[in-house]
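Worksheet: one structure, shown below.
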Amino acid sequence: MAIRNTSAIPKGTELETDICVVGGGPAGISIALSLSKSTNLNIVLLESGGLDASDADQALNDGANVGLDYYDLTMTRHRVLGGSSHKWAGWCRPMDELDFDGRPGIPDGGWPISYDEMRPYFKEAARLCQLESEQWEPAPGMDLPPLYLRPFIGGDVEIALWQGSPPTKFGIVYRDRLEADEQITAYVGATAVEVLSDEDGQQATGVRVASLRGNEFVVKARAVVLAAGAIETARLLLASTGANPAGLANENDVVGRYFMEHPHLVTGRIELYPQGTHNRPMLASIDKGFSGVRARLAMQRPAGAMKVAYTISRERQEKEHLLNFSTHLRTVSPVNREESDAYQAFKLAVGNLRSPKRMIKQIRDRALPEDSGNLVKRLVKGTPEITQVIYHEALRKPTELALYTQSEQSPNPDSRLTLDPDRTDALGMPRIKLDWRLSRIDKQSIMGAQEIIGAQLDRSGLGRLIPEPAFTEDSDDWGPGLRGGHHHIGTARMSTDPKRGVVDPAGEAHTVRDLYVGDTAVFPVGGYANPFLTTVAWSLRLADTIASRYQR
Ligand SMILES: Cc1cc2nc3c(=O)[nH]c(=O)nc-3n(C[C@H](O)[C@H](O)[C@H](O)COP(=O)(O)OP(=O)(O)OC[C@H]3O[C@@H](n4cnc5c(N)ncnc54)[C@H](O)[C@@H]3O)c2cc1C
């Protein structure tokens with residue numbers, strides 16, 4: 001029907017609808033649009049942020065990191081219509097079949113639904129993310145960087161492909177459709193502060209909503225769908241204490257647990273064998289002059305909107321009980337071995353220059369991976385360092401390359417978020433304490449997988465693997481540079497067992513009827529692939545489930 005601001009709603013109003021979707025990010029928007037297309041149901045979409053970002057809205061995300069060093073919680077997700085799709089980099093890849101199937105030796109592994117059940121939704125998700133291709137595995141004749149061809153791959157070393165979304169900003173690209181839709185009413189500036197239920201907390205009945213302008217109202221619904229992002233979805237459940245002081249759907253103390261990320265960091269270096277070694281000519285493309293510099297800086301990016309990385313075969317993962325793993329080669333900054341902000345900005349700019357057609361499209365669609373003003377600022381600020389990088393890169397031939405890893409984290413109930421009873425936000429909601437933890441198995445698995453890739457690169461004549469110091473020892477030390485990918489996964493996980501999951505394989509809470517979760521919170525495992533595409537696919541599957549159950 002329209003996108004409305006909550007300021008127009010008198011305090012104390014009670015709205016009625018069929019389905020109330022909480023969160024207007026990619027998941028929430030996909031659910032609402034899909035339901036509207038396939039049913040005659042009325043849908044209220046509640047978005048905490050506005051049509052444009054504001055500091056006051058963003059401040060509602062504030063919280064404390066009490067575990068591993070992590071991003072500032074205010075900045076790792078975005079309160080605005082479209083959610084974090086306003087800031088995402090656009091890299092898409094579905095999770096692998098083996099992520100769904102589970103592997104021996106990985107506790108709590110696998111999804112209770114199969115890849116085949118998700119397959120049609122991945123296709124539809126790719127369309128919503130405006131992907132030009134759904135090529136996820138290499139095909140003969142593909143124009144790939146030489147380092148990702150034989151003899152550098154083979155045996156148990158395989159490669160995986162990512163496709164680049166423009167990147168689609170859901171709040172911009174789908175805004176007209178939301179505005180024009182007869183069945184959807186979207187409210188911006190509308191923060192769900194409590195999921196309402198019957199007295200016993202066994203059936204969801206609606207949502208209590210508050211706005212920073214001070215008005216509060218209630219949306220009564222036949223079903224409530226949470227799609228506020230994995231951190232806020234769990235926060236909302238934990239803060240909904242009307243029927244259970246431990247939070248709604250939290251009888252088994254699983255809500256907020258199993259928080260997962262994808263560890264991102266340099267885990268090793270390849271010390272290149274000297275010129276003259278038989279395969280060294282393969283490196284000519286990155287050795288020579290300024291075109292070599294450009295190729296080195298964008299080594300992982302073939303032409304077009306695609307990215308490539310090494311992975312390990314399913315058979316070897318199963319045999320050695322490894323987590324799913326990806327790593328790619330990067331040039332090592334001659335100035336600053338750790339990747340500085342300026343260096344990263346420079347590489348991003350060079351990467352984009354490799355696909356000028358894509359860049360023009362991004363500018364036209366207002367879809368640059370991060371706001372261009374900020375990128376330009378980072379480039380200008382880093383000019384002295386960048387000049388040095390270009391100078392050194394142009395004069396020298398590389399002697400080493402870094403292995404930059406993006407790996408799976410195993411499910412761990414102690415990696416979790418809880419509420420901080422002593423700190424509330426401007427709407428009175430308790431703030432989050434995030435205790436991100438990794439397990440020994442996560443690091444051991446990276447060490448094992450990296451060794452397999454190192455051995456292949458050695459055999460191929462490229463060079464010798466030198467693991468980073470932290471990756472030579474069996475300890476909890478991850479060394480410097482450990483980051484996540486802004487990928488928040490697993491806090492209301494799906495399982496057939498209510499003791500190990502918050503929702504069932506359909507996405508409905510085990511202990512609360514008519515309450516569903518439609519975002520990354522449900523992922524029981526996260527593979528290594530960036531989560532966006534799988535999130536949208538899951539939300540579309542959930543929309544079909546809801547359509548079949550609530551259609552009048
Ligand atoms: C810098 C950055 C780069 C990224 N790059 C990639 C990438 O390249 N590839 C990839 O796959 N992923 C990437 N991601 C992650 C990706 O953006 C998220 O996984 C995705 O946006 C999740 O979608 P969502 O709808 O579940 O959650 P969100 O995008 O977080 O949207 C949730 C929405 O709910 C709203 N909300 C929150 N709480 C409430 C409440 N109580 N009431 C009402 N509304 C609420 C929020 O304001 C927000 O609009 C990136 C993320 C960031 C930050």
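Chain lettering (A, B, ...) mirrors the order of the structure tokens, residue numbering begins at 1 for each chain separately, and ligand numbering begins at 1 in order of display.
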
Could you pull the residues within 8 Å of stretch 106-108 of chain A, counting only C-alpha atoms, minus those fewer than 5 positions along the same chain, as an mmCIF file with C-alpha atoms, in the first residue's frame?
```
data_model
loop_
_atom_site.group_PDB
_atom_site.id
_atom_site.type_symbol
_atom_site.label_atom_id
_atom_site.label_comp_id
_atom_site.auth_asym_id
_atom_site.auth_seq_id
_atom_site.Cartn_x
_atom_site.Cartn_y
_atom_site.Cartn_z
ATOM 1 C CA HIS A 321 37.404 -34.158 9.093
ATOM 2 C CA LEU A 322 38.106 -30.684 7.781
ATOM 3 C CA LEU A 323 35.775 -27.714 7.860
ATOM 4 C CA SER A 410 32.329 -24.850 13.500
ATOM 5 C CA PRO A 411 29.098 -24.524 15.503
ATOM 6 C CA PRO A 524 23.006 -24.351 11.528
#
```

Open item on the list: Let me see if you get this right: every residue at most 6 Å from ligand 1, counting only C-alpha atoms and all ligand atoms, written as number ranges by chain.
Closed with: A: 22-28, 46-49, 76-85, 87-92, 190-193, 227-229, 232, 486-487, 519-520, 530-533

Open item on the list: Env of stretch 140-156 of chain A: 6 Å cut, atoms = only C-alpha atoms, seq-sep filter 5 positions within chain, self excluded. Answer as a list of chain:residue names.
Closed with: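 Contacts, with the query itself left out: A:Pro302, A:Ile312, A:Ser313, A:Leu457, A:Ser460.
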
Mind dumping the selected residues with C-alpha atoms as a PDB file, in the first residue's frame?
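And here is the file that came out, selection.pdb:
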```pdb
ATOM      1  CA  PRO A 302      39.357 -12.517 -13.562  1.00  0.00           C
ATOM      2  CA  ILE A 312      39.541 -28.596  -0.851  1.00  0.00           C
ATOM      3  CA  SER A 313      37.675 -31.516  -2.428  1.00  0.00           C
ATOM      4  CA  LEU A 457      51.562 -25.142  -5.036  1.00  0.00           C
ATOM      5  CA  SER A 460      53.536 -27.139  -9.219  1.00  0.00           C
TER       6      SER A 460
END
```

So that each row is one residue of stretch 181-200 of chain A with an atom at most 9 Å from stretch 50-71 of chain A, can you give its shortest atom pair and the distance in Å to one decimal, using only C-alpha atoms, rows by chain and rising number, as a Markdown table?
```
| residue | atom | partner | partner_atom | distance |
| --- | --- | --- | --- | --- |
| A:Tyr187 | CA | A:Gly50 | CA | 8.8 |
| A:Val188 | CA | A:Gly50 | CA | 5.1 |
| A:Gly189 | CA | A:Gly50 | CA | 5.2 |
| A:Ala190 | CA | A:Gly50 | CA | 8.5 |
```

Using only C-alpha atoms, which residues of stretch 166-262 of chain A come within 12 Å of stretch 541-549 of chain A, and what is the closest atom pair for each, with the distance in Å to one decimal? Give it as a tab-separated table, sorted by chain and residue number.
```
residue	atom	partner	partner_atom	distance
A:Arg222	CA	A:Ile546	CA	10.5
A:Ala223	CA	A:Ile546	CA	8.4
A:Val224	CA	A:Ile546	CA	10.1
A:Val225	CA	A:Leu542	CA	9.2
A:Leu226	CA	A:Leu542	CA	11.0
A:Ala227	CA	A:Leu542	CA	10.9
```

Write the residues of the selection above to a file with C-alpha atoms, as a PDB file, in the first residue's frame.
```pdb
ATOM      1  CA  ARG A 222      -1.580 -14.327  12.414  1.00  0.00           C
ATOM      2  CA  ALA A 223       2.144 -14.980  12.034  1.00  0.00           C
ATOM      3  CA  VAL A 224       5.304 -13.075  12.961  1.00  0.00           C
ATOM      4  CA  VAL A 225       8.480 -13.434  10.896  1.00  0.00           C
ATOM      5  CA  LEU A 226      11.786 -12.208  12.300  1.00  0.00           C
ATOM      6  CA  ALA A 227      14.260 -10.982   9.679  1.00  0.00           C
TER       7      ALA A 227
END
```

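Of note, atom CA of A:Gly256 and atom CA of A:Leu45 are spaced 23.4 Å apart.
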